[in-house]
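S.K.: Please find model08.cif (mmCIF, C-alpha atoms) on the next line:
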data_final
loop_
_atom_site.label_atom_id
_atom_site.label_comp_id
_atom_site.auth_asym_id
_atom_site.auth_seq_id
_atom_site.Cartn_x
_atom_site.Cartn_y
_atom_site.Cartn_z
CA MET A 1462 2.09 -5.48 6.46
CA ARG A 1463 4.66 -7.41 8.49
CA ALA A 1464 2.02 -9.66 10.04
CA VAL A 1465 0.31 -10.72 6.84
CA THR A 1466 1.58 -9.53 3.44
CA PHE A 1467 5.35 -9.75 3.96
CA SER A 1468 5.09 -13.20 5.48
CA ASP A 1469 3.49 -14.53 2.31
CA LYS A 1470 5.96 -16.88 0.61
CA LYS A 1471 5.56 -15.38 -2.85
CA VAL A 1472 5.89 -11.79 -1.59
CA SER A 1473 9.04 -12.46 0.43
CA GLN A 1474 10.55 -14.44 -2.43
CA ILE A 1475 9.99 -11.58 -4.92
CA LEU A 1476 11.32 -8.96 -2.54
CA ARG A 1477 14.41 -11.03 -1.78
CA ARG A 1478 15.19 -11.91 -5.39
CA ASN A 1479 14.30 -8.74 -7.28
CA PHE A 1480 14.79 -5.90 -4.82
CA VAL A 1481 17.28 -4.41 -2.44
CA CYS A 1482 15.09 -3.71 0.59
CA GLY A 1483 15.27 -1.22 3.40
CA TRP A 1484 13.19 0.63 5.98
CA ASP A 1485 13.34 3.72 8.13
CA ASN A 1486 11.47 4.85 11.21
CA ILE A 1487 10.05 8.29 10.32
CA SER A 1488 8.14 9.00 13.53
CA GLU A 1489 10.61 11.71 14.64
CA SER A 1490 11.98 12.87 11.32
CA LYS A 1491 8.96 13.57 9.08
CA SER A 1492 6.18 16.04 9.81
CA TYR A 1493 3.66 13.98 7.84
CA ALA A 1494 4.26 10.86 9.93
CA GLY A 1495 1.00 9.69 11.48
CA LYS A 1496 0.28 9.06 15.10
CA SER A 1497 -1.46 6.01 16.49
CA ASN A 1498 -1.12 3.44 19.24
CA SER A 1499 2.02 1.37 19.41
CA HIS A 1500 1.53 -2.17 18.22
CA MET A 1501 4.12 -4.74 19.30
CA PRO A 1502 4.95 -8.02 17.54
CA SER A 1503 3.59 -9.72 20.65
CA ASN A 1504 0.11 -8.26 19.99
CA SER A 1505 -2.44 -9.83 17.72
CA ALA A 1506 -3.34 -7.92 14.56
CA VAL A 1507 -6.23 -7.46 12.17
CA THR A 1508 -6.10 -6.87 8.45
CA VAL A 1509 -7.39 -3.55 7.11
CA SER A 1510 -8.38 -2.33 3.66
CA ASN A 1511 -5.71 -1.20 1.17
CA CYS A 1512 -4.21 2.24 1.92
CA SER A 1513 -5.40 2.23 5.54
CA GLY A 1514 -2.68 3.75 7.69
CA HIS A 1515 -1.48 5.96 4.83
CA HIS A 1516 0.39 8.27 7.22
CA ASN A 1517 2.02 5.38 9.07
CA VAL A 1518 3.48 3.33 6.21
CA GLN A 1519 4.74 4.37 2.78
CA MET A 1520 6.33 1.84 0.44
CA PHE A 1521 8.42 3.04 -2.49
CA PHE A 1522 9.38 0.97 -5.52
CA MET A 1523 12.33 2.54 -7.30
CA THR A 1524 14.67 1.96 -10.20
CA PRO A 1525 18.24 0.93 -9.26
CA ASP A 1526 19.23 4.64 -9.32
CA ALA A 1527 16.35 5.60 -6.99
CA HIS A 1528 13.69 7.05 -9.29
CA ILE A 1529 10.23 6.23 -7.98
CA VAL A 1530 7.99 4.12 -10.21
CA ASN A 1531 5.29 3.29 -7.68
CA CYS A 1532 4.35 4.27 -4.14
CA LEU A 1533 1.90 2.47 -1.88
CA PRO A 1534 0.65 4.23 1.22
CA GLY A 1535 -0.58 2.13 4.13
CA PHE A 1536 -1.48 -1.55 4.26
CA TRP A 1537 -1.89 -3.67 1.09
CA ASP A 1538 -3.10 -7.26 0.97
CA VAL A 1539 -1.06 -10.01 -0.70
CA LYS A 1540 -2.89 -10.18 -4.03
CA SER A 1541 -3.00 -6.40 -4.51
CA PHE A 1542 0.62 -6.02 -3.40
CA LEU A 1543 1.79 -8.59 -5.97
CA MET A 1544 -0.11 -6.77 -8.72
CA GLU A 1545 1.58 -3.53 -7.72
CA VAL A 1546 5.03 -5.18 -7.70
CA GLN A 1547 4.39 -6.45 -11.20
CA LEU A 1548 3.46 -2.93 -12.30
CA ALA A 1549 6.65 -1.55 -10.71
CA SER A 1550 8.77 -4.09 -12.62
CA LYS A 1551 7.06 -3.12 -15.88
CA LEU A 1552 7.81 0.55 -15.19
CA ASN A 1553 11.42 -0.27 -14.35
CA LYS A 1554 11.76 -1.86 -17.79
CA LEU A 1555 10.26 1.27 -19.33
CA TYR A 1556 12.81 3.41 -17.46
CA LYS A 1557 15.65 1.34 -18.92
CA SER A 1558 14.26 1.53 -22.45
CA THR A 1559 15.87 3.67 -25.14
CA ARG A 1560 12.79 5.87 -25.67
CA SER A 1561 13.11 9.64 -25.33
CA ILE A 1562 12.32 11.12 -21.92
CA VAL A 1563 9.09 12.67 -23.25
CA LYS A 1564 7.86 9.35 -24.67
CA ARG A 1565 8.91 7.50 -21.54
CA ASN A 1566 7.02 9.91 -19.30
CA ASP A 1567 3.95 9.72 -21.53
CA LYS A 1568 4.02 5.93 -21.32
CA PHE A 1569 4.46 6.15 -17.54
CA LEU A 1570 1.27 8.22 -17.34
CA ASP A 1571 -0.61 5.81 -19.63
CA ILE A 1572 0.46 2.74 -17.67
CA HIS A 1573 -0.63 4.18 -14.31
CA LEU A 1574 -3.97 5.42 -15.64
CA GLU A 1575 -4.63 2.13 -17.42
CA PHE A 1576 -3.83 0.29 -14.23
CA ALA A 1577 -6.22 2.51 -12.27
CA PHE A 1578 -8.94 1.83 -14.82
CA PHE A 1579 -8.52 -1.85 -15.72
CA ASN A 1580 -7.40 -3.28 -12.39
CA HIS A 1581 -9.94 -1.27 -10.51
CA LYS A 1582 -12.45 -4.13 -10.52
CA SER A 1583 -10.18 -6.52 -8.71
CA LEU A 1584 -8.73 -3.94 -6.31
CA SER A 1585 -11.67 -1.69 -5.55
CA GLY A 1586 -13.42 -4.06 -3.15
CA LYS A 1587 -10.32 -4.13 -1.02
CA SER A 1588 -9.49 -0.44 -1.33
CA GLN A 1589 -12.52 1.27 0.15
CA LEU A 1590 -11.72 4.26 2.30
CA GLN A 1591 -12.12 3.89 6.04
CA LYS A 1592 -15.15 5.78 7.35
CA PHE A 1593 -13.18 8.40 9.29
CA ASP A 1594 -11.06 9.16 6.20
CA GLU A 1595 -14.17 9.44 4.06
CA MET A 1596 -15.73 11.84 6.57
CA ASN A 1597 -12.56 13.92 6.61
CA LEU A 1598 -12.49 14.14 2.79
CA ASN A 1599 -16.20 14.90 2.71
CA ARG A 1600 -15.63 18.03 4.76
CA ARG A 1601 -13.18 19.42 2.20
CA GLU A 1602 -14.24 21.77 -0.55
CA GLU A 1603 -12.13 20.00 -3.10
CA THR A 1604 -10.50 16.58 -3.29
CA ASP A 1605 -9.32 14.34 -6.10
CA PHE A 1606 -11.25 11.51 -4.42
CA GLN A 1607 -14.49 13.08 -5.62
CA ARG A 1608 -15.72 11.41 -8.79
CA MET A 1609 -17.40 13.84 -11.15
CA ASP A 1610 -19.68 12.91 -14.03
CA GLY A 1611 -19.65 16.22 -15.84
CA PHE A 1612 -20.58 18.70 -13.14
CA VAL A 1613 -22.39 16.16 -11.02
CA SER A 1614 -20.63 14.50 -8.12
CA SER A 1615 -21.09 10.75 -8.10
CA GLY A 1616 -19.39 9.59 -4.95
CA PHE A 1617 -15.83 8.78 -3.99
CA LYS A 1618 -13.20 6.92 -5.94
CA THR A 1619 -11.44 4.08 -4.19
CA ALA A 1620 -7.96 4.58 -2.75
CA ASP A 1621 -6.22 2.39 -5.35
CA GLN A 1622 -7.56 4.56 -8.18
CA VAL A 1623 -6.38 7.77 -6.55
CA VAL A 1624 -2.93 6.28 -5.84
CA HIS A 1625 -2.39 5.59 -9.54
CA GLU A 1626 -3.89 8.86 -10.71
CA ARG A 1627 -1.50 10.67 -8.39
CA MET A 1628 1.44 8.51 -9.51
CA ALA A 1629 0.63 9.30 -13.15
CA GLU A 1630 1.42 12.96 -12.38
CA ARG A 1631 4.83 12.08 -10.95
CA PRO A 1632 6.85 10.34 -13.66
CA PHE A 1633 10.15 8.82 -12.49
CA LEU A 1634 10.75 11.40 -9.77
CA LYS A 1635 13.80 11.06 -7.59
CA TYR A 1636 13.06 9.93 -4.04
CA GLU A 1637 14.28 13.30 -2.71
CA GLU A 1638 11.90 15.18 -5.03
CA PHE A 1639 8.77 13.17 -4.29
CA ASP A 1640 6.14 15.22 -2.42
CA VAL A 1641 5.10 12.57 0.08
CA PRO A 1642 2.70 14.74 2.19
CA SER A 1643 0.38 15.54 -0.71
CA PHE A 1644 0.68 12.04 -2.17
CA ILE A 1645 -0.42 10.33 1.04
CA ASP A 1646 -3.14 12.82 1.92
CA MET A 1647 -6.13 10.49 2.02
CA GLY A 1648 -7.99 11.66 5.06
CA ARG A 1649 -7.12 11.80 8.73
CA LYS A 1650 -3.55 11.94 9.94
CA LYS A 1651 -4.19 10.94 13.52
CA TYR A 1652 -6.38 8.18 14.85
CA SER A 1653 -6.25 5.47 17.46
CA TYR A 1654 -7.34 1.89 17.28
CA ASP A 1655 -7.57 -1.15 19.50
CA PHE A 1656 -6.45 -3.82 17.07
CA GLY A 1657 -5.74 -6.71 19.37
CA LEU A 1658 -5.06 -4.39 22.26
CA SER A 1659 -7.15 -4.40 25.34
CA SER A 1660 -7.59 -1.70 28.00
CA GLN A 1661 -7.44 2.04 27.34
CA LYS A 1662 -5.63 2.03 24.00
CA GLY A 1663 -8.74 2.00 21.92
CA LYS A 1664 -10.82 4.25 24.13
CA ARG A 1665 -12.95 6.84 22.44
CA THR A 1666 -11.31 10.19 22.95
CA GLU A 1667 -14.07 12.54 21.91
CA LYS A 1668 -17.80 12.59 22.39
CA SER A 1669 -18.25 12.94 18.65
CA GLY A 1670 -17.11 9.38 18.29
CA LYS A 1671 -13.69 10.12 16.85
CA ARG A 1672 -11.26 7.41 17.74
CA MET B 1255 -31.58 -34.85 -8.02
CA LYS B 1256 -29.10 -33.99 -10.74
CA LYS B 1257 -30.73 -30.60 -11.31
CA THR B 1258 -30.63 -29.81 -7.61
CA THR B 1259 -26.93 -30.63 -7.43
CA VAL B 1260 -26.16 -28.42 -10.42
CA PHE B 1261 -28.25 -25.62 -8.88
CA VAL B 1262 -26.42 -25.88 -5.56
CA ILE B 1263 -23.05 -25.86 -7.30
CA LEU B 1264 -24.04 -22.79 -9.32
CA ILE B 1265 -25.18 -20.96 -6.18
CA PHE B 1266 -21.89 -21.88 -4.49
CA ILE B 1267 -19.87 -20.55 -7.46
CA CYS B 1268 -21.88 -17.32 -7.48
CA ILE B 1269 -21.24 -16.81 -3.77
CA GLN B 1270 -17.51 -17.47 -4.28
CA ILE B 1271 -17.35 -14.94 -7.12
CA SER B 1272 -19.25 -12.27 -5.22
CA PHE B 1273 -16.89 -12.58 -2.25
CA ALA B 1274 -13.72 -13.06 -4.32
CA ASP B 1275 -12.33 -9.57 -4.18
CA LYS B 1276 -14.14 -8.06 -1.27
CA PHE B 1277 -12.27 -6.99 1.81
CA VAL B 1278 -12.67 -9.42 4.65
CA ARG B 1279 -11.29 -8.42 8.02
CA GLU B 1280 -9.07 -11.15 9.43
CA ARG B 1281 -7.54 -11.47 12.84
CA VAL B 1282 -3.96 -12.68 13.16
CA SER B 1283 -3.03 -14.21 16.50
CA ALA B 1284 -0.22 -12.71 18.57
CA LYS B 1285 1.76 -15.93 18.21
CA LYS B 1286 1.55 -15.78 14.43
CA VAL B 1287 2.46 -12.07 14.30
CA GLU B 1288 5.57 -12.76 16.39
CA LYS B 1289 6.53 -15.70 14.20
CA ASN B 1290 5.96 -13.74 10.97
CA VAL B 1291 8.02 -10.76 12.15
CA GLU B 1292 10.86 -13.10 13.09
CA LYS B 1293 10.64 -14.83 9.71
CA LEU B 1294 10.58 -11.50 7.90
CA GLU B 1295 13.89 -10.49 9.46
CA LYS B 1296 15.49 -13.79 8.53
CA THR B 1297 14.31 -14.12 4.94
CA ILE B 1298 14.97 -10.57 3.72
CA ARG B 1299 18.07 -8.48 4.31
CA TRP B 1300 16.82 -5.06 5.37
CA HIS B 1301 19.03 -2.01 4.98
CA ARG B 1302 18.62 0.87 7.41
CA ASN B 1303 20.67 3.40 5.50
CA PHE B 1304 19.22 4.77 2.27
CA ASP B 1305 22.58 5.68 0.71
CA GLU B 1306 23.96 2.20 1.32
CA LEU B 1307 20.79 0.72 -0.11
CA LYS B 1308 21.11 2.84 -3.24
CA ALA B 1309 24.75 1.87 -3.70
CA GLU B 1310 23.93 -1.83 -3.44
CA ALA B 1311 20.97 -1.55 -5.80
CA LYS B 1312 23.13 0.19 -8.38
CA LYS B 1313 25.89 -2.36 -8.01
CA LYS B 1314 23.52 -5.33 -8.33
CA ASN B 1315 21.27 -3.58 -10.87
CA LYS B 1316 18.27 -4.45 -8.73
CA MET B 1317 15.20 -2.38 -7.99
CA VAL B 1318 14.82 -0.61 -4.65
CA PHE B 1319 12.08 -1.32 -2.14
CA TRP B 1320 12.13 1.34 0.57
CA MET B 1321 9.64 1.49 3.38
CA GLN B 1322 8.93 4.42 5.68
CA LEU B 1323 7.30 3.44 8.95
CA VAL B 1324 6.00 5.09 12.07
CA GLY B 1325 7.79 2.70 14.38
CA ASP B 1326 10.14 -0.22 13.88
CA LEU B 1327 9.65 -3.15 11.55
CA ASN B 1328 10.83 -5.50 14.28
CA GLY B 1329 9.37 -3.61 17.23
CA GLY B 1330 6.54 -1.24 18.08
CA LEU B 1331 4.56 0.05 15.12
#
Please, can you express the file's structure as structure tokens?
M.R.:
Amino acid sequence: MRAVTFSDKKVSQILRRNFVCGWDNISESKSYAGKSNSHMPSNSAVTVSNCSGHHNVQMFFMTPDAHIVNCLPGFWDVKSFLMEVQLASKLNKLYKSTRSIVKRNDKFLDIHLEFAFFNHKSLSGKSQLQKFDEMNLNRREETDFQRMDGFVSSGFKTADQVVHERMAERPFLKYEEFDVPSFIDMGRKKYSYDFGLSSQKGKRTEKSGKR
Amino acid sequence: MKKTTVFVILIFICIQISFADKFVRERVSAKKVEKNVEKLEKTIRWHRNFDELKAEAKKKNKMVFWMQLVGDLNGGL
């Protein structure tokens, strides 16, 4: 994110103007924090598909009184990120509206599901699951990634769809109440990579080919 | 000649459309990563304390953008 998306002029401008921003290192404090090789600013980087690194990065968009309107796990490219920011702003306006809580929550659900459905075309190509995550989900008896046409399974949904389906179930939750572990469960928690790193960092650790 | 040019342009447009929203892996050089991280720290004020962040957001009536990372935004990730 820091190497590509946040350095985009439009992204940094929007974050600076419309948001109060902050970050926290969760490696020691949260059990769901992922584990991977350390990547320094002095290392080169490669872009990955949206939601990759879901256990390593979680980005929350909240109302001024810290109710979550959108959450993005992992990496997101510039275009997708800007679409998600726009959605968050729309939901913030909804939160401030004078509608009843029930109507507001219903609208929250509609907006997220509509977004999952209508923006899917432009996001899906960039939100394919990484192979090791797909394999991990494949081994499970049940997952909301599985697309069902009636009783027949018809492959996996893309990560962007699942993010918004999961958000739709969590209307305006407080940050403290948000169940991050289940929200970011999109496959493997631990993996290693060699993005721009030479030597042993990207070595295969198991004969099965797990990295 | 004219037909060929139109045909080539159409093929080019089709290729552009088909690649428009597909994920393309890009490499970012170490120099650029370093520069971007430096820029990121300068252009945006990043809070480290969630309660302080909330208080400022409430005061300014601005939305909150909070990021949880395994590592440091300006260091090892």
S.K.: Please identify every residue of chain B that has at least one atom no farther than 7 Å from an atom of chain A, counting all atoms listed in the file, and for each give the shortest atom pair and the distance in Å to one decimal, arranged by chain then increasing number, as JSON lines.
M.R.:
{"residue": "B:Asp1275", "atom": "CA", "partner": "A:Gly1586", "partner_atom": "CA", "distance": 5.7}
{"residue": "B:Lys1276", "atom": "CA", "partner": "A:Gly1586", "partner_atom": "CA", "distance": 4.5}
{"residue": "B:Phe1277", "atom": "CA", "partner": "A:Lys1587", "partner_atom": "CA", "distance": 4.5}
{"residue": "B:Arg1279", "atom": "CA", "partner": "A:Thr1508", "partner_atom": "CA", "distance": 5.4}
{"residue": "B:Glu1280", "atom": "CA", "partner": "A:Thr1508", "partner_atom": "CA", "distance": 5.3}
{"residue": "B:Arg1281", "atom": "CA", "partner": "A:Val1507", "partner_atom": "CA", "distance": 4.3}
{"residue": "B:Val1282", "atom": "CA", "partner": "A:Ala1506", "partner_atom": "CA", "distance": 5.0}
{"residue": "B:Ser1283", "atom": "CA", "partner": "A:Ser1505", "partner_atom": "CA", "distance": 4.6}
{"residue": "B:Ala1284", "atom": "CA", "partner": "A:Ser1505", "partner_atom": "CA", "distance": 3.7}
{"residue": "B:Lys1285", "atom": "CA", "partner": "A:Ser1503", "partner_atom": "CA", "distance": 6.9}
{"residue": "B:Val1287", "atom": "CA", "partner": "A:Ala1464", "partner_atom": "CA", "distance": 4.9}
{"residue": "B:Glu1288", "atom": "CA", "partner": "A:Pro1502", "partner_atom": "CA", "distance": 4.9}
{"residue": "B:Asn1290", "atom": "CA", "partner": "A:Ser1468", "partner_atom": "CA", "distance": 5.6}
{"residue": "B:Val1291", "atom": "CA", "partner": "A:Arg1463", "partner_atom": "CA", "distance": 6.0}
{"residue": "B:Leu1294", "atom": "CA", "partner": "A:Ser1468", "partner_atom": "CA", "distance": 6.2}
{"residue": "B:Ile1298", "atom": "CA", "partner": "A:Arg1477", "partner_atom": "CA", "distance": 5.5}
{"residue": "B:Arg1299", "atom": "CA", "partner": "A:Cys1482", "partner_atom": "CA", "distance": 6.7}
{"residue": "B:Trp1300", "atom": "CA", "partner": "A:Gly1483", "partner_atom": "CA", "distance": 4.6}
{"residue": "B:His1301", "atom": "CA", "partner": "A:Gly1483", "partner_atom": "CA", "distance": 4.2}
{"residue": "B:Arg1302", "atom": "CA", "partner": "A:Trp1484", "partner_atom": "CA", "distance": 5.6}
{"residue": "B:Leu1307", "atom": "CA", "partner": "A:Val1481", "partner_atom": "CA", "distance": 6.6}
{"residue": "B:Lys1308", "atom": "CA", "partner": "A:Asp1526", "partner_atom": "CA", "distance": 6.6}
{"residue": "B:Ala1311", "atom": "CA", "partner": "A:Pro1525", "partner_atom": "CA", "distance": 5.1}
{"residue": "B:Lys1312", "atom": "CA", "partner": "A:Pro1525", "partner_atom": "CA", "distance": 5.0}
{"residue": "B:Asn1315", "atom": "CA", "partner": "A:Pro1525", "partner_atom": "CA", "distance": 5.7}
{"residue": "B:Lys1316", "atom": "CA", "partner": "A:Pro1525", "partner_atom": "CA", "distance": 5.4}
{"residue": "B:Met1317", "atom": "CA", "partner": "A:Pro1525", "partner_atom": "CA", "distance": 4.7}
{"residue": "B:Val1318", "atom": "CA", "partner": "A:Met1523", "partner_atom": "CA", "distance": 4.8}
{"residue": "B:Phe1319", "atom": "CA", "partner": "A:Cys1482", "partner_atom": "CA", "distance": 4.7}
{"residue": "B:Trp1320", "atom": "CA", "partner": "A:Gly1483", "partner_atom": "CA", "distance": 4.9}
{"residue": "B:Met1321", "atom": "CA", "partner": "A:Met1520", "partner_atom": "CA", "distance": 4.4}
{"residue": "B:Gln1322", "atom": "CA", "partner": "A:Asp1485", "partner_atom": "CA", "distance": 5.1}
{"residue": "B:Leu1323", "atom": "CA", "partner": "A:Val1518", "partner_atom": "CA", "distance": 4.7}
{"residue": "B:Val1324", "atom": "CA", "partner": "A:Ser1488", "partner_atom": "CA", "distance": 4.7}
{"residue": "B:Gly1325", "atom": "CA", "partner": "A:Asn1486", "partner_atom": "CA", "distance": 5.3}
{"residue": "B:Asp1326", "atom": "CA", "partner": "A:Asn1486", "partner_atom": "CA", "distance": 5.9}
{"residue": "B:Gly1329", "atom": "CA", "partner": "A:Met1501", "partner_atom": "CA", "distance": 5.8}
{"residue": "B:Gly1330", "atom": "CA", "partner": "A:Met1501", "partner_atom": "CA", "distance": 4.4}
{"residue": "B:Leu1331", "atom": "CA", "partner": "A:His1500", "partner_atom": "CA", "distance": 4.9}
S.K.: Do you have the atom CA of Phe1606 of chain A-atom CA of Val1623 of chain A distance handy?
M.R.: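 Atom-to-atom, atom CA of Phe1606 of chain A and atom CA of Val1623 of chain A are spaced 6.5 Å apart.
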S.K.: Could you tell me how far atom CA of Thr1297 of chain B lies from atom CA of Leu1543 of chain A, in Å and to one decimal?
M.R.: 17.5 Å
S.K.: If I take atom CA of Val1539 of chain A and atom CA of Ile1645 of chain A, how far is one from the other in Å, to one decimal?
M.R.: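 Interatomic distance here is 20.4 Å.
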S.K.: Can you tell me which residues surround Leu1570 of chain A at a distance of at most 10 Å, considering only C-alpha atoms, apart from same-chain residues fewer than 6 positions away, and format the answer as a list in words?
M.R.: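 Neighbouring residues, sequence-local ones excluded: Lys1564, Phe1576, His1625, Glu1626, Arg1627, Met1628, Ala1629, Glu1630, Arg1631 and Pro1632 of chain A.
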